[in-house]
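Asks: For reference, the structure I am asking about is given below.
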Amino acid sequence: MKNNLWIGLGIGTVSPVLAHILVRFTDLELHFLPEKPMAIYTIAILVNLVLLRFAYRSGNDHLGKGIIASTFLAMILYLITHRITV
């Protein structure tokens, strides 16, 4: 795998987008975690953190930076779209 920022952005975007699709178009959240609305998004961030660890351990710094950037942007988009006050 190449050490490329754009590839890292693409890899890091997959799990937040998948989490959004699962929450938006399925009842998965209501069946398994009804009292915790952010749980699936938290799992998506944890997946990105595991990918980040593997990227940095293998010496792919730019790939890791892309994963961090996409995770951070997904978090900001979640905060904006759900109007959560910090």
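Please note that chains go A, B, ... in the order of the structure tokens, that every chain numbers its residues from 1, and that ligands are numbered from 1 in the order shown.
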When you look at region 13-22 of chain A with a cut-off of 7 Å (counting only C-alpha atoms), what residues show up, excluding the ones that are within fewer than 5 positions of it in the same chain? I need them as a list in words.
Replies: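 Non-adjacent residues within range: Leu28, Ile40, Tyr41, Ala44, Ser70 and Ala74 of chain A.
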Asks: Out of A:Ile80, A:Thr71, A:Ile11, A:Pro37, which residue has the shortest atom-to-atom distance to Arg24 (chain A) when counting only C-alpha atoms?
Replies: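 Answer, going by the shortest atom-to-atom distance: A:Pro37.
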Asks: Separation of CA of Ala55 (chain A) and CA of Phe72 (chain A), in Å?
Replies: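 CA of Phe72 (chain A) lies at a distance of 16.5 Å from CA of Ala55 (chain A).
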Asks: Just want the 10 Å neighbourhood of Gly10 (chain A), counted on only C-alpha atoms, with same-chain residues fewer than 6 positions away dropped. Output as a PyMOL selection string.
Replies: chain A and resi 63+66-67+70
Asks: With N, CA, C and O atoms retained, write the just-selected residues as a tab-separated table (two decimals), in the first residue's frame.
Replies:
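Contents of out15.tsv, as written:
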chain	number	residue	atom	x	y	z
A	63	LEU	N	-0.39	8.08	5.24
A	63	LEU	CA	-1.63	7.31	5.29
A	63	LEU	C	-2.33	7.53	6.63
A	63	LEU	O	-3.54	7.75	6.68
A	66	GLY	N	-3.99	10.93	6.80
A	66	GLY	CA	-5.25	10.93	6.06
A	66	GLY	C	-6.38	10.31	6.86
A	66	GLY	O	-7.51	10.80	6.86
A	67	ILE	N	-6.08	9.22	7.57
A	67	ILE	CA	-7.10	8.58	8.40
A	67	ILE	C	-7.52	9.50	9.53
A	67	ILE	O	-8.71	9.63	9.84
A	70	SER	N	-9.75	12.38	8.05
A	70	SER	CA	-11.11	11.98	7.71
A	70	SER	C	-11.94	11.69	8.95
A	70	SER	O	-13.13	11.99	9.00
Asks: Within 12 Å of Leu33 (chain A), counting only C-alpha atoms, which residues qualify if same-chain residues fewer than 6 places away don't, as a VMD selection string?
Replies: chain A and resid 23 27 39 to 43
Asks: What does the distance between CA of Leu77 (chain A) and CA of Pro34 (chain A) come to in Å, to one decimal place?
Replies: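 Spanning CA of Leu77 (chain A) to CA of Pro34 (chain A) is a straight-line distance of 22.1 Å.
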